[in-house]
file final02.cif (mmCIF, C-alpha atoms)
data_protein
loop_
_atom_site.label_atom_id
_atom_site.label_comp_id
_atom_site.auth_asym_id
_atom_site.auth_seq_id
_atom_site.Cartn_x
_atom_site.Cartn_y
_atom_site.Cartn_z
CA MET I 1 -53.52 -121.56 2.09
CA PRO I 2 -51.53 -122.77 -0.96
CA ARG I 3 -48.33 -121.02 -1.80
CA LEU I 4 -48.21 -118.62 -4.72
CA SER I 5 -47.80 -120.61 -7.90
CA GLN I 6 -44.95 -120.17 -10.32
CA LEU I 7 -47.54 -119.00 -12.86
CA SER I 8 -47.19 -115.63 -11.18
CA LEU I 9 -43.43 -115.56 -11.72
CA ALA I 10 -43.80 -113.25 -14.69
CA ALA I 11 -44.49 -110.43 -12.27
CA THR I 12 -41.88 -111.28 -9.68
CA CYS I 13 -39.03 -108.97 -10.55
CA SER I 14 -41.05 -105.77 -10.82
CA SER I 15 -38.78 -103.89 -8.48
CA VAL I 16 -35.53 -105.82 -8.76
CA LEU I 17 -32.79 -103.37 -9.57
CA LEU I 18 -29.49 -105.18 -9.23
CA LEU I 19 -27.66 -107.93 -11.03
CA THR I 20 -27.90 -110.29 -8.08
CA ALA I 21 -31.61 -109.76 -7.58
CA CYS I 22 -32.84 -112.96 -9.20
CA THR I 23 -29.92 -115.24 -8.39
CA GLY I 24 -30.76 -116.31 -4.83
CA GLY I 25 -28.46 -116.61 -1.85
CA SER I 26 -27.41 -114.13 0.76
CA THR I 27 -26.22 -110.69 -0.24
CA VAL I 28 -25.49 -109.44 3.27
CA ASP I 29 -21.90 -109.19 4.39
CA ASP I 30 -21.58 -111.07 7.66
CA ASP I 31 -19.67 -108.29 9.37
CA VAL I 32 -22.02 -105.40 8.52
CA GLU I 33 -22.78 -103.55 11.72
CA GLY I 34 -26.38 -103.90 12.86
CA ALA I 35 -27.23 -106.97 10.80
CA ASP I 36 -27.75 -109.10 13.92
CA ALA I 37 -28.65 -106.34 16.32
CA GLY I 38 -31.20 -106.88 19.08
CA SER I 39 -31.15 -107.01 22.84
CA GLY I 40 -33.63 -109.78 23.52
CA SER I 41 -35.72 -107.36 25.59
CA LEU I 42 -37.08 -105.70 22.48
CA THR I 43 -40.13 -106.72 20.45
CA SER I 44 -38.89 -109.19 17.84
CA ILE I 45 -39.85 -108.97 14.16
CA ASN I 46 -38.55 -111.17 11.34
CA ALA I 47 -38.45 -109.13 8.15
CA GLY I 48 -37.69 -109.95 4.53
CA TYR I 49 -36.70 -108.05 1.43
CA VAL I 50 -35.61 -108.67 -2.15
CA SER I 51 -32.00 -107.95 -3.06
CA ALA I 52 -32.55 -104.61 -4.81
CA ILE I 53 -31.59 -100.95 -4.45
CA ASP I 54 -35.19 -99.82 -4.09
CA GLN I 55 -35.58 -102.14 -1.07
CA ILE I 56 -32.35 -101.14 0.65
CA GLY I 57 -34.17 -99.03 3.26
CA LEU I 58 -34.83 -102.11 5.37
CA PRO I 59 -31.22 -103.26 5.84
CA ILE I 60 -30.03 -99.68 6.17
CA GLY I 61 -32.55 -99.22 8.96
CA THR I 62 -31.01 -102.14 10.84
CA GLU I 63 -27.50 -100.93 10.11
CA ARG I 64 -28.23 -97.49 11.55
CA GLY I 65 -30.06 -98.82 14.63
CA LEU I 66 -33.33 -97.14 13.70
CA PHE I 67 -35.44 -100.11 14.75
CA GLU I 68 -33.71 -100.46 18.12
CA GLU I 69 -34.50 -96.80 18.76
CA ARG I 70 -38.15 -97.82 18.63
CA ASP I 71 -37.73 -100.89 20.84
CA LEU I 72 -37.75 -103.36 17.99
CA ASP I 73 -35.39 -106.26 17.41
CA VAL I 74 -35.57 -106.75 13.64
CA THR I 75 -33.95 -109.88 12.25
CA LEU I 76 -33.44 -109.92 8.50
CA ALA I 77 -34.07 -113.07 6.50
CA GLU I 78 -31.65 -113.95 3.75
CA PRO I 79 -32.57 -111.65 0.84
CA PHE I 80 -35.21 -113.23 -1.36
CA PRO I 81 -34.46 -113.65 -5.07
CA THR I 82 -38.01 -112.63 -6.06
CA GLY I 83 -41.17 -111.13 -4.62
CA VAL I 84 -42.93 -114.48 -5.03
CA ASP I 85 -40.39 -116.06 -2.68
CA ALA I 86 -40.96 -113.28 -0.17
CA ILE I 87 -44.74 -113.80 -0.25
CA ASN I 88 -44.34 -117.56 0.12
CA ALA I 89 -42.13 -117.02 3.18
CA LEU I 90 -44.71 -114.65 4.68
CA GLU I 91 -47.52 -117.15 4.15
CA ALA I 92 -45.39 -119.92 5.65
CA GLY I 93 -44.75 -117.84 8.77
CA ASP I 94 -40.99 -117.64 8.16
CA VAL I 95 -41.14 -113.83 8.25
CA ASP I 96 -43.57 -111.34 9.74
CA ILE I 97 -43.16 -108.40 7.35
CA ILE I 98 -41.90 -108.18 3.77
CA GLN I 99 -41.40 -105.66 1.00
CA VAL I 100 -43.01 -106.60 -2.32
CA GLY I 101 -44.33 -104.94 -5.45
CA THR I 102 -46.27 -106.29 -8.42
CA PRO I 103 -46.34 -109.93 -7.18
CA ALA I 104 -48.69 -108.83 -4.39
CA ILE I 105 -51.43 -108.41 -7.00
CA ALA I 106 -51.15 -111.95 -8.32
CA ALA I 107 -50.93 -113.25 -4.76
CA ALA I 108 -54.12 -111.43 -3.77
CA GLN I 109 -55.83 -112.77 -6.86
CA GLU I 110 -54.90 -116.29 -5.71
CA GLY I 111 -56.36 -115.66 -2.25
CA ALA I 112 -53.26 -114.85 -0.19
CA GLU I 113 -54.03 -113.14 3.12
CA LEU I 114 -52.05 -109.91 2.95
CA SER I 115 -52.20 -106.53 4.68
CA LEU I 116 -50.56 -103.64 2.85
CA VAL I 117 -49.45 -101.24 5.58
CA GLY I 118 -46.94 -98.89 3.91
CA ASN I 119 -44.75 -98.15 0.88
CA TYR I 120 -41.12 -98.73 0.06
CA THR I 121 -41.37 -97.15 -3.40
CA GLY I 122 -44.01 -95.11 -5.21
CA SER I 123 -45.69 -91.76 -4.70
CA ALA I 124 -48.40 -90.46 -2.39
CA THR I 125 -48.72 -87.20 -4.32
CA GLN I 126 -49.23 -88.20 -7.95
CA ARG I 127 -50.86 -90.91 -10.00
CA SER I 128 -47.78 -92.13 -11.86
CA ILE I 129 -44.05 -92.29 -11.13
CA ASP I 130 -41.51 -94.37 -13.02
CA GLU I 131 -38.13 -92.69 -12.72
CA THR I 132 -36.37 -96.03 -12.29
CA ALA I 133 -37.55 -97.33 -15.70
CA ALA I 134 -35.90 -96.62 -19.04
CA ILE I 135 -35.66 -97.69 -22.68
CA VAL I 136 -32.27 -98.54 -24.15
CA ALA I 137 -32.01 -98.56 -27.96
CA ALA I 138 -29.40 -100.36 -30.04
CA GLU I 139 -27.10 -98.46 -32.36
CA GLY I 140 -28.68 -98.33 -35.80
CA SER I 141 -32.18 -99.08 -34.52
CA GLU I 142 -33.39 -95.69 -35.72
CA ILE I 143 -35.35 -95.24 -32.50
CA ASP I 144 -35.40 -91.52 -31.75
CA GLY I 145 -35.88 -90.31 -28.19
CA GLU I 146 -37.30 -87.07 -29.56
CA ASP I 147 -39.86 -88.96 -31.63
CA LEU I 148 -40.87 -92.15 -29.83
CA SER I 149 -43.36 -93.03 -32.57
CA THR I 150 -40.22 -94.56 -34.12
CA LEU I 151 -40.80 -97.52 -31.75
CA GLU I 152 -43.51 -98.68 -34.15
CA GLY I 153 -42.45 -101.79 -36.03
CA LYS I 154 -39.49 -102.46 -33.74
CA SER I 155 -38.67 -105.56 -31.70
CA ILE I 156 -38.67 -104.66 -28.03
CA GLY I 157 -37.38 -106.74 -25.15
CA VAL I 158 -39.52 -106.84 -22.01
CA SER I 159 -40.17 -109.27 -19.16
CA ILE I 160 -43.76 -110.24 -19.90
CA GLY I 161 -46.08 -109.46 -16.98
CA SER I 162 -43.49 -107.49 -15.05
CA ILE I 163 -43.31 -103.78 -14.37
CA ASN I 164 -41.08 -103.04 -17.38
CA HIS I 165 -43.69 -104.66 -19.63
CA LEU I 166 -46.34 -102.46 -18.04
CA TYR I 167 -44.12 -99.39 -18.50
CA LEU I 168 -43.97 -100.09 -22.24
CA LEU I 169 -47.74 -100.64 -22.39
CA GLY I 170 -48.33 -97.30 -20.67
CA LEU I 171 -45.99 -95.58 -23.12
CA LEU I 172 -47.58 -97.21 -26.17
CA GLU I 173 -51.01 -96.20 -24.94
CA ASP I 174 -49.82 -92.62 -24.59
CA LEU I 175 -48.31 -92.73 -28.09
CA ARG I 176 -51.49 -94.35 -29.47
CA ILE I 177 -49.45 -97.24 -30.85
CA ASP I 178 -51.21 -100.60 -30.83
CA THR I 179 -49.28 -103.42 -29.19
CA ASP I 180 -49.73 -105.41 -32.42
CA ASP I 181 -47.60 -102.78 -34.17
CA VAL I 182 -44.50 -103.70 -32.18
CA GLU I 183 -42.86 -107.08 -31.62
CA LEU I 184 -42.66 -107.91 -27.92
CA VAL I 185 -39.79 -110.27 -27.13
CA ASN I 186 -39.97 -111.90 -23.69
CA THR I 187 -36.46 -111.32 -22.37
CA ALA I 188 -35.04 -111.79 -18.89
CA PRO I 189 -33.13 -108.76 -17.61
CA PRO I 190 -29.72 -110.53 -17.61
CA ASP I 191 -30.20 -111.47 -21.28
CA MET I 192 -31.13 -108.05 -22.60
CA ALA I 193 -27.60 -106.81 -23.26
CA VAL I 194 -26.76 -109.85 -25.41
CA ALA I 195 -30.09 -109.63 -27.24
CA LEU I 196 -29.47 -105.97 -27.97
CA GLU I 197 -25.89 -106.55 -29.10
CA THR I 198 -26.73 -109.48 -31.39
CA GLY I 199 -29.74 -107.85 -33.00
CA GLY I 200 -32.32 -110.03 -31.30
CA ILE I 201 -34.10 -106.86 -30.17
CA ASP I 202 -33.97 -103.24 -31.25
CA ALA I 203 -34.64 -101.89 -27.76
CA ALA I 204 -34.73 -103.05 -24.16
CA VAL I 205 -37.28 -101.76 -21.66
CA ILE I 206 -36.03 -102.31 -18.14
CA TRP I 207 -35.59 -100.95 -14.61
CA ASP I 208 -32.41 -99.75 -12.93
CA PRO I 209 -29.60 -100.55 -12.86
CA TRP I 210 -30.00 -102.51 -16.09
CA PRO I 211 -30.24 -99.43 -18.35
CA ILE I 212 -27.00 -98.20 -16.84
CA THR I 213 -25.17 -101.51 -17.14
CA ILE I 214 -26.50 -102.25 -20.65
CA THR I 215 -25.19 -98.97 -22.06
CA GLU I 216 -21.80 -99.79 -20.53
CA GLN I 217 -21.81 -103.29 -22.05
CA VAL I 218 -23.28 -102.67 -25.51
CA GLU I 219 -21.30 -100.29 -27.68
CA GLY I 220 -23.38 -97.59 -29.30
CA SER I 221 -26.50 -98.27 -27.25
CA GLU I 222 -28.19 -95.33 -25.57
CA ILE I 223 -31.00 -94.53 -23.18
CA VAL I 224 -33.70 -92.89 -25.31
CA LEU I 225 -36.29 -92.51 -22.55
CA ARG I 226 -36.26 -92.51 -18.77
CA GLY I 227 -39.39 -92.22 -16.65
CA GLY I 228 -42.03 -89.90 -17.99
CA GLY I 229 -44.94 -90.75 -15.71
CA TYR I 230 -46.47 -93.44 -17.91
CA ILE I 231 -47.27 -95.86 -15.07
CA PRO I 232 -47.13 -95.97 -11.28
CA PHE I 233 -44.35 -98.02 -9.74
CA ILE I 234 -45.66 -99.91 -6.73
CA GLY I 235 -43.81 -101.34 -3.75
CA TYR I 236 -45.56 -102.10 -0.48
CA ILE I 237 -44.61 -103.05 3.05
CA VAL I 238 -46.75 -106.11 3.69
CA THR I 239 -47.67 -108.26 6.66
CA THR I 240 -50.49 -110.70 7.43
CA PRO I 241 -53.84 -109.70 8.95
CA THR I 242 -53.09 -111.96 11.93
CA PHE I 243 -49.70 -110.40 12.68
CA LEU I 244 -51.13 -106.90 12.35
CA GLU I 245 -54.03 -107.71 14.66
CA GLU I 246 -51.72 -109.22 17.29
CA ASN I 247 -48.94 -106.59 17.00
CA PRO I 248 -50.47 -103.23 16.01
CA GLU I 249 -48.01 -101.11 18.00
CA ALA I 250 -44.98 -103.03 16.73
CA VAL I 251 -46.13 -102.62 13.13
CA GLU I 252 -46.57 -98.90 13.65
CA GLU I 253 -43.09 -98.56 15.18
CA PHE I 254 -41.66 -100.61 12.31
CA LEU I 255 -43.19 -98.21 9.78
CA ALA I 256 -41.85 -95.22 11.68
CA ALA I 257 -38.34 -96.70 11.63
CA ARG I 258 -38.64 -97.45 7.91
CA ALA I 259 -39.77 -93.88 7.29
CA ALA I 260 -36.71 -92.64 9.19
CA SER I 261 -34.50 -94.89 7.06
CA ASP I 262 -36.04 -93.59 3.83
CA GLN I 263 -35.57 -90.01 4.96
CA TRP I 264 -31.89 -90.68 5.71
CA ILE I 265 -31.47 -92.18 2.23
CA ARG I 266 -33.15 -89.18 0.60
CA GLU I 267 -30.85 -86.85 2.51
CA ASN I 268 -27.70 -88.95 2.04
CA PRO I 269 -27.96 -90.70 -1.35
CA GLU I 270 -24.21 -91.11 -1.83
CA ASP I 271 -23.74 -92.69 1.59
CA ALA I 272 -26.80 -94.85 0.98
CA ALA I 273 -25.34 -96.08 -2.30
CA SER I 274 -22.10 -96.97 -0.53
CA SER I 275 -24.09 -98.88 2.06
CA ALA I 276 -26.00 -100.68 -0.69
CA VAL I 277 -22.73 -101.99 -2.07
CA GLN I 278 -22.08 -103.70 1.27
CA TRP I 279 -25.54 -105.27 1.44
CA LEU I 280 -25.93 -106.25 -2.22
CA THR I 281 -23.11 -108.54 -3.30
CA GLY I 282 -21.55 -107.83 -6.68
CA THR I 283 -22.87 -104.30 -6.96
CA ASP I 284 -20.57 -101.89 -8.77
CA PRO I 285 -20.16 -98.71 -6.66
CA GLU I 286 -20.53 -96.38 -9.65
CA VAL I 287 -23.69 -98.15 -10.80
CA ALA I 288 -25.11 -97.95 -7.27
CA GLN I 289 -24.40 -94.22 -7.12
CA GLU I 290 -26.15 -93.52 -10.41
CA ALA I 291 -29.10 -95.81 -9.70
CA MET I 292 -29.62 -94.29 -6.25
CA GLN I 293 -30.33 -90.85 -7.67
CA TYR I 294 -33.39 -92.23 -9.44
CA ASN I 295 -34.39 -94.43 -6.52
CA VAL I 296 -34.67 -91.53 -4.09
CA ALA I 297 -37.28 -89.87 -6.31
CA GLN I 298 -39.62 -92.76 -5.47
CA LEU I 299 -38.91 -93.08 -1.74
CA ASP I 300 -42.24 -92.06 -0.26
CA PRO I 301 -43.48 -94.30 2.58
CA ARG I 302 -46.81 -92.52 3.02
CA PHE I 303 -50.27 -93.66 1.99
CA SER I 304 -52.82 -91.58 0.11
CA ALA I 305 -55.56 -92.27 -2.41
CA CYS I 306 -52.80 -92.23 -5.03
CA ASN I 307 -51.26 -95.44 -3.68
CA TYR I 308 -54.58 -97.24 -3.95
CA LEU I 309 -54.98 -95.90 -7.46
CA ALA I 310 -51.46 -97.08 -8.33
CA LEU I 311 -52.25 -100.69 -7.43
CA ASP I 312 -55.60 -100.47 -9.19
CA THR I 313 -53.94 -99.12 -12.35
CA VAL I 314 -51.25 -101.80 -12.44
CA GLY I 315 -53.85 -104.50 -11.73
CA GLN I 316 -55.95 -103.33 -14.66
CA LEU I 317 -52.92 -103.34 -16.96
CA LEU I 318 -52.13 -106.92 -15.94
CA ALA I 319 -55.76 -107.91 -16.46
CA ASN I 320 -55.82 -106.33 -19.90
CA GLN I 321 -52.85 -108.51 -20.86
CA GLY I 322 -54.54 -111.65 -19.55
CA GLU I 323 -52.08 -112.14 -16.67
CA ILE I 324 -54.77 -112.03 -13.93
CA ASP I 325 -58.52 -111.62 -13.65
CA PHE I 326 -58.26 -108.74 -11.14
CA ASP I 327 -61.71 -109.32 -9.69
CA PHE I 328 -60.91 -108.58 -6.03
CA ASP I 329 -61.55 -105.43 -3.99
CA ILE I 330 -58.26 -103.72 -3.16
CA ASN I 331 -59.86 -102.20 -0.06
CA ASP I 332 -59.69 -105.70 1.43
CA TYR I 333 -55.87 -105.58 1.33
CA PHE I 334 -54.93 -102.04 2.31
CA GLU I 335 -54.66 -101.33 6.04
CA PRO I 336 -53.82 -97.62 6.22
CA GLY I 337 -54.28 -97.16 9.97
CA PRO I 338 -50.65 -97.74 11.08
CA ILE I 339 -48.97 -95.49 8.50
CA VAL I 340 -51.64 -92.79 8.90
CA SER I 341 -50.85 -92.79 12.62
CA VAL I 342 -47.11 -92.52 11.89
CA MET I 343 -47.76 -89.62 9.52
CA GLU I 344 -49.78 -87.81 12.18
CA GLU I 345 -47.43 -88.44 15.10
CA ASN I 346 -44.09 -88.06 13.27
CA PRO I 347 -44.53 -85.30 10.68
CA GLU I 348 -40.80 -84.52 10.80
CA LEU I 349 -40.09 -87.81 9.00
CA PHE I 350 -41.85 -86.51 5.90
CA GLU I 351 -41.10 -82.79 5.99
CA ASP I 352 -38.76 -83.01 2.98
CA LEU I 353 -41.48 -84.59 0.83
CA GLN I 354 -44.08 -82.83 -1.28
CA ASP I 355 -47.36 -82.30 0.56
CA ILE I 356 -50.13 -84.77 -0.21
CA PRO I 357 -52.99 -82.98 -2.02
CA ASP I 358 -55.93 -82.40 0.32
CA ALA I 359 -58.24 -84.30 -2.01
CA ALA I 360 -55.93 -87.36 -1.90
CA ALA I 361 -55.40 -87.41 1.88
CA ILE I 362 -56.90 -90.40 3.66
CA ASP I 363 -57.71 -91.59 7.17
CA ALA I 364 -57.71 -95.04 8.73
CA ASP I 365 -61.24 -95.70 7.43
CA TYR I 366 -60.57 -94.71 3.83
CA ASN I 367 -62.49 -96.60 1.14
CA PHE I 368 -61.09 -96.48 -2.39
CA VAL I 369 -63.38 -95.49 -5.24
CA ARG I 370 -61.57 -95.39 -8.59
CA GLU I 371 -63.36 -92.43 -10.12
CA ILE I 372 -62.86 -90.24 -7.05
CA ALA I 373 -59.19 -91.19 -6.67
CA GLN I 374 -58.54 -90.39 -10.32
CA GLU I 375 -59.77 -86.85 -9.73
CA SER I 376 -57.71 -86.54 -6.54
CA CYS I 377 -54.29 -87.52 -7.90
CA ALA I 378 -52.42 -85.49 -10.49
CA VAL I 379 -51.02 -87.46 -13.40
#
call {"tool": "encode", "arguments": {"input": "final02.cif", "output": "structure tokens"}}
result
Amino acid sequence: MPRLSQLSLAATCSSVLLLTACTGGSTVDDDVEGADAGSGSLTSINAGYVSAIDQIGLPIGTERGLFEERDLDVTLAEPFPTGVDAINALEAGDVDIIQVGTPAIAAAQEGAELSLVGNYTGSATQRSIDETAAIVAAEGSEIDGEDLSTLEGKSIGVSIGSINHLYLLGLLEDLRIDTDDVELVNTAPPDMAVALETGGIDAAVIWDPWPITITEQVEGSEIVLRGGGYIPFIGYIVTTPTFLEENPEAVEEFLAARAASDQWIRENPEDAASSAVQWLTGTDPEVAQEAMQYNVAQLDPRFSACNYLALDTVGQLLANQGEIDFDFDINDYFEPGPIVSVMEENPELFEDLQDIPDAAAIDADYNFVREIAQESCAV
């Protein structure tokens, strides 16, 4: 199986939320408790994640001993700079389980053998959720948050093919503004502040913590829109069909531990932000605290018809922009059995979350049909 090509790199940073996310190298402090935990008598799993606040549930789970409680010895790989790198490591057998968002679609299109077994960000109760995305406008741009039709005719910085690009497309569709009526400027997240300050763009569309840091760096800039439910953010816990087939119980216990970690983060966002600072090198504590409040709104590890619909929606958006063909059946990639079992056997891990609508609830044999799922999931 060939590794995912760099052609898919446009969609790699869909969930990256911190300044170090696309720089490479380790972001784990060597002396963080739990980073190398494991007794040798436990079931061993090598896991990988991207250096980002929305993926912090994995290292926090190791830090708090939640995997050991379920007889798992989880060893963390060095944080990956992008989702493409994580998928390549999974295909190479360097890790057993990863967390990845939009790049999973391009990888599936290229024939990667993936099994989506749970979520690290998204929603199992509604069609769209995008609280971690925002638009930052430059001073004097005349972009009005109360009248977003003022985006028409403006130059807007996005990362083409990534989730912030898709967020803008969803917004423009809602506003009935044709993409030809705005100027899209392909801009990497680290370059958006300079582009905004120098007049290269009128607005930046980006995920956390960039909106927070940009407004601190660029005088007079302001967040004119945050969230709004224009697109679904996606972030899946992914393994290979072979690993899942050979280790079904271990995968299920892994998902239960991740669910426990997410619940702890939802209940302790300030402590979680402090922990993130230890795991993500260079993260400003105040930025982490602010970004975490938006992150927790999307911490839902469950599966429902809405999660299938989310991937389908994002895939169609990418296809409409010519990024992928999107001619594969997403049912071939979802494996809901493990997380459905966790949901049934550990309801206390999800008791603080909104109930999944009956029409959107699924079982291990669920088969996605777009038209039915659209009726089952509230916008």
call {"tool": "atom_distance", "arguments": {"input": "final02.cif", "atom1": "atom CA of I:Val136", "atom2": "atom CA of I:Glu152"}}
result
15.0 Å
call {"tool": "atom_distance", "arguments": {"input": "final02.cif", "atom1": "atom CA of I:Thr179", "atom2": "atom CA of I:Met192"}}
result
19.9 Å
call {"tool": "closest_residue", "arguments": {"input": "final02.cif", "among": "I:Leu166, I:Ile234, I:Ala310, I:Val340", "to": "I:Pro103", "atoms": "all atoms listed in the file"}}
result
I:Ile234
call {"tool": "closest_residue", "arguments": {"input": "final02.cif", "among": "I:Ala259, I:Ile56, I:Leu317, I:Val224", "to": "I:Glu142", "atoms": "all atoms listed in the file"}}
result
I:Val224
call {"tool": "atom_distance", "arguments": {"input": "final02.cif", "atom1": "atom CA of I:Ser376", "atom2": "atom CA of I:Cys306"}}
result
7.7 Å
call {"tool": "residues_around", "arguments": {"input": "final02.cif", "residues": "I:Trp264", "least_positions_apart": "6", "cutoff": "10 Å", "atoms": "all atoms listed in the file", "output": "PDB file with C-alpha atoms, keeping the file's coordinate frame"}}
result
ATOM      1  CA  GLY I  57     -34.170 -99.030   3.260  1.00  0.00           C
ATOM      2  CA  ILE I  60     -30.030 -99.680   6.170  1.00  0.00           C
ATOM      3  CA  GLY I  61     -32.550 -99.220   8.960  1.00  0.00           C
ATOM      4  CA  ARG I  64     -28.230 -97.490  11.550  1.00  0.00           C
ATOM      5  CA  ARG I 258     -38.640 -97.450   7.910  1.00  0.00           C
ATOM      6  CA  ASP I 271     -23.740 -92.690   1.590  1.00  0.00           C
ATOM      7  CA  ALA I 272     -26.800 -94.850   0.980  1.00  0.00           C
ATOM      8  CA  LEU I 349     -40.090 -87.810   9.000  1.00  0.00           C
TER       9      LEU I 349
END
call {"tool": "resolve_selection", "arguments": {"input": "final02.cif", "expression": "the PyMOL selection byres ((chain I and resi 172) around 10)", "output": "PyMOL selection string"}}
result
chain I and resi 148-149+151-152+166-171+173-179+181-182+230
call {"tool": "resolve_selection", "arguments": {"input": "final02.cif", "expression": "the PyMOL selection byres ((chain I and resi 267) around 12)", "output": "list in words"}}
result
Ala260, Ser261, Asp262, Gln263, Trp264, Ile265, Arg266, Asn268, Pro269, Glu270, Asp271, Ala272, Ala273, Met292, Gln293, Val296, Ala297, Leu299, Leu349, Phe350, Glu351, Asp352 and Leu353 of chain I
call {"tool": "residues_near_point", "arguments": {"input": "final02.cif", "point": "(-36.9, -110.2, -17.9)", "cutoff": "9 Å", "atoms": "all atoms listed in the file", "output": "ChimeraX atom specification"}}
result
/I:10,13,157-160,162,164-165,186-192,206
call {"tool": "residues_near_point", "arguments": {"input": "final02.cif", "point": "(-27.0, -92.4, -10.0)", "cutoff": "12 Å", "atoms": "only C-alpha atoms", "output": "PyMOL selection string"}}
result
chain I and resi 53+131-132+208-209+211-213+269-270+272-274+284-297
call {"tool": "closest_atom_pairs", "arguments": {"input": "final02.cif", "of": "stretch 161-279 of chain I", "to": "stretch 113-122 of chain I", "cutoff": "8 Å", "atoms": "all atoms listed in the file", "output": "JSON lines"}}
result
{"residue": "I:Pro232", "atom": "CA", "partner": "I:Gly122", "partner_atom": "CA", "distance": 6.9}
{"residue": "I:Phe233", "atom": "CA", "partner": "I:Gly122", "partner_atom": "CA", "distance": 5.4}
{"residue": "I:Ile234", "atom": "CA", "partner": "I:Gly122", "partner_atom": "CA", "distance": 5.3}
{"residue": "I:Gly235", "atom": "CA", "partner": "I:Thr121", "partner_atom": "CA", "distance": 4.9}
{"residue": "I:Tyr236", "atom": "CA", "partner": "I:Asn119", "partner_atom": "CA", "distance": 4.3}
{"residue": "I:Ile237", "atom": "CA", "partner": "I:Gly118", "partner_atom": "CA", "distance": 4.8}
{"residue": "I:Val238", "atom": "CA", "partner": "I:Leu116", "partner_atom": "CA", "distance": 4.6}
{"residue": "I:Thr239", "atom": "CA", "partner": "I:Ser115", "partner_atom": "CA", "distance": 5.2}
{"residue": "I:Thr240", "atom": "CA", "partner": "I:Leu114", "partner_atom": "CA", "distance": 4.8}
{"residue": "I:Pro241", "atom": "CA", "partner": "I:Ser115", "partner_atom": "CA", "distance": 5.6}
{"residue": "I:Leu244", "atom": "CA", "partner": "I:Ser115", "partner_atom": "CA", "distance": 7.8}
{"residue": "I:Leu255", "atom": "CA", "partner": "I:Gly118", "partner_atom": "CA", "distance": 7.0}
call {"tool": "closest_residue", "arguments": {"input": "final02.cif", "among": "I:Glu110, I:Val342, I:Ala92, I:Ala137", "to": "I:Ala195", "atoms": "all atoms listed in the file"}}
result
I:Ala137
call {"tool": "residues_around", "arguments": {"input": "final02.cif", "residues": "I:Ile87", "least_positions_apart": "6", "cutoff": "8 Å", "atoms": "all atoms listed in the file", "output": "list in words"}}
result
Leu4, Ile98, Val100, Ala104 and Ala107 of chain I
call {"tool": "resolve_selection", "arguments": {"input": "final02.cif", "expression": "the PyMOL selection byres ((chain I and resi 354-362) around 6)", "output": "list in words"}}
result
Thr125, Ser304, Ala305, Leu353, Asp363, Tyr366 and Ser376 of chain I
call {"tool": "write_last_selection", "arguments": {"input": "final02.cif", "atoms": "C-alpha atoms", "output": "CSV table (one decimal), keeping the file's coordinate frame"}}
result
chain,number,residue,atom,x,y,z
I,125,THR,CA,-48.7,-87.2,-4.3
I,304,SER,CA,-52.8,-91.6,0.1
I,305,ALA,CA,-55.6,-92.3,-2.4
I,353,LEU,CA,-41.5,-84.6,0.8
I,363,ASP,CA,-57.7,-91.6,7.2
I,366,TYR,CA,-60.6,-94.7,3.8
I,376,SER,CA,-57.7,-86.5,-6.5
call {"tool": "decode", "arguments": {"input": "final02.cif", "residues": "stretch 102-115 of chain I", "atoms": "C-alpha atoms", "output": "mmCIF file, in the first residue's frame"}}
result
data_model
loop_
_atom_site.group_PDB
_atom_site.id
_atom_site.type_symbol
_atom_site.label_atom_id
_atom_site.label_comp_id
_atom_site.auth_asym_id
_atom_site.auth_seq_id
_atom_site.Cartn_x
_atom_site.Cartn_y
_atom_site.Cartn_z
ATOM 1 C CA THR I 102 -9.995 15.587 7.294
ATOM 2 C CA PRO I 103 -6.877 13.787 5.949
ATOM 3 C CA ALA I 104 -8.666 10.477 6.524
ATOM 4 C CA ILE I 105 -10.939 11.300 3.579
ATOM 5 C CA ALA I 106 -8.091 11.826 1.134
ATOM 6 C CA ALA I 107 -6.369 8.715 2.482
ATOM 7 C CA ALA I 108 -9.489 6.609 1.948
ATOM 8 C CA GLN I 109 -9.812 8.004 -1.555
ATOM 9 C CA GLU I 110 -6.249 6.818 -2.238
ATOM 10 C CA GLY I 111 -7.053 3.326 -0.978
ATOM 11 C CA ALA I 112 -5.681 3.393 2.569
ATOM 12 C CA GLU I 113 -7.007 0.587 4.781
ATOM 13 C CA LEU I 114 -8.561 2.421 7.712
ATOM 14 C CA SER I 115 -11.139 1.596 10.382
#
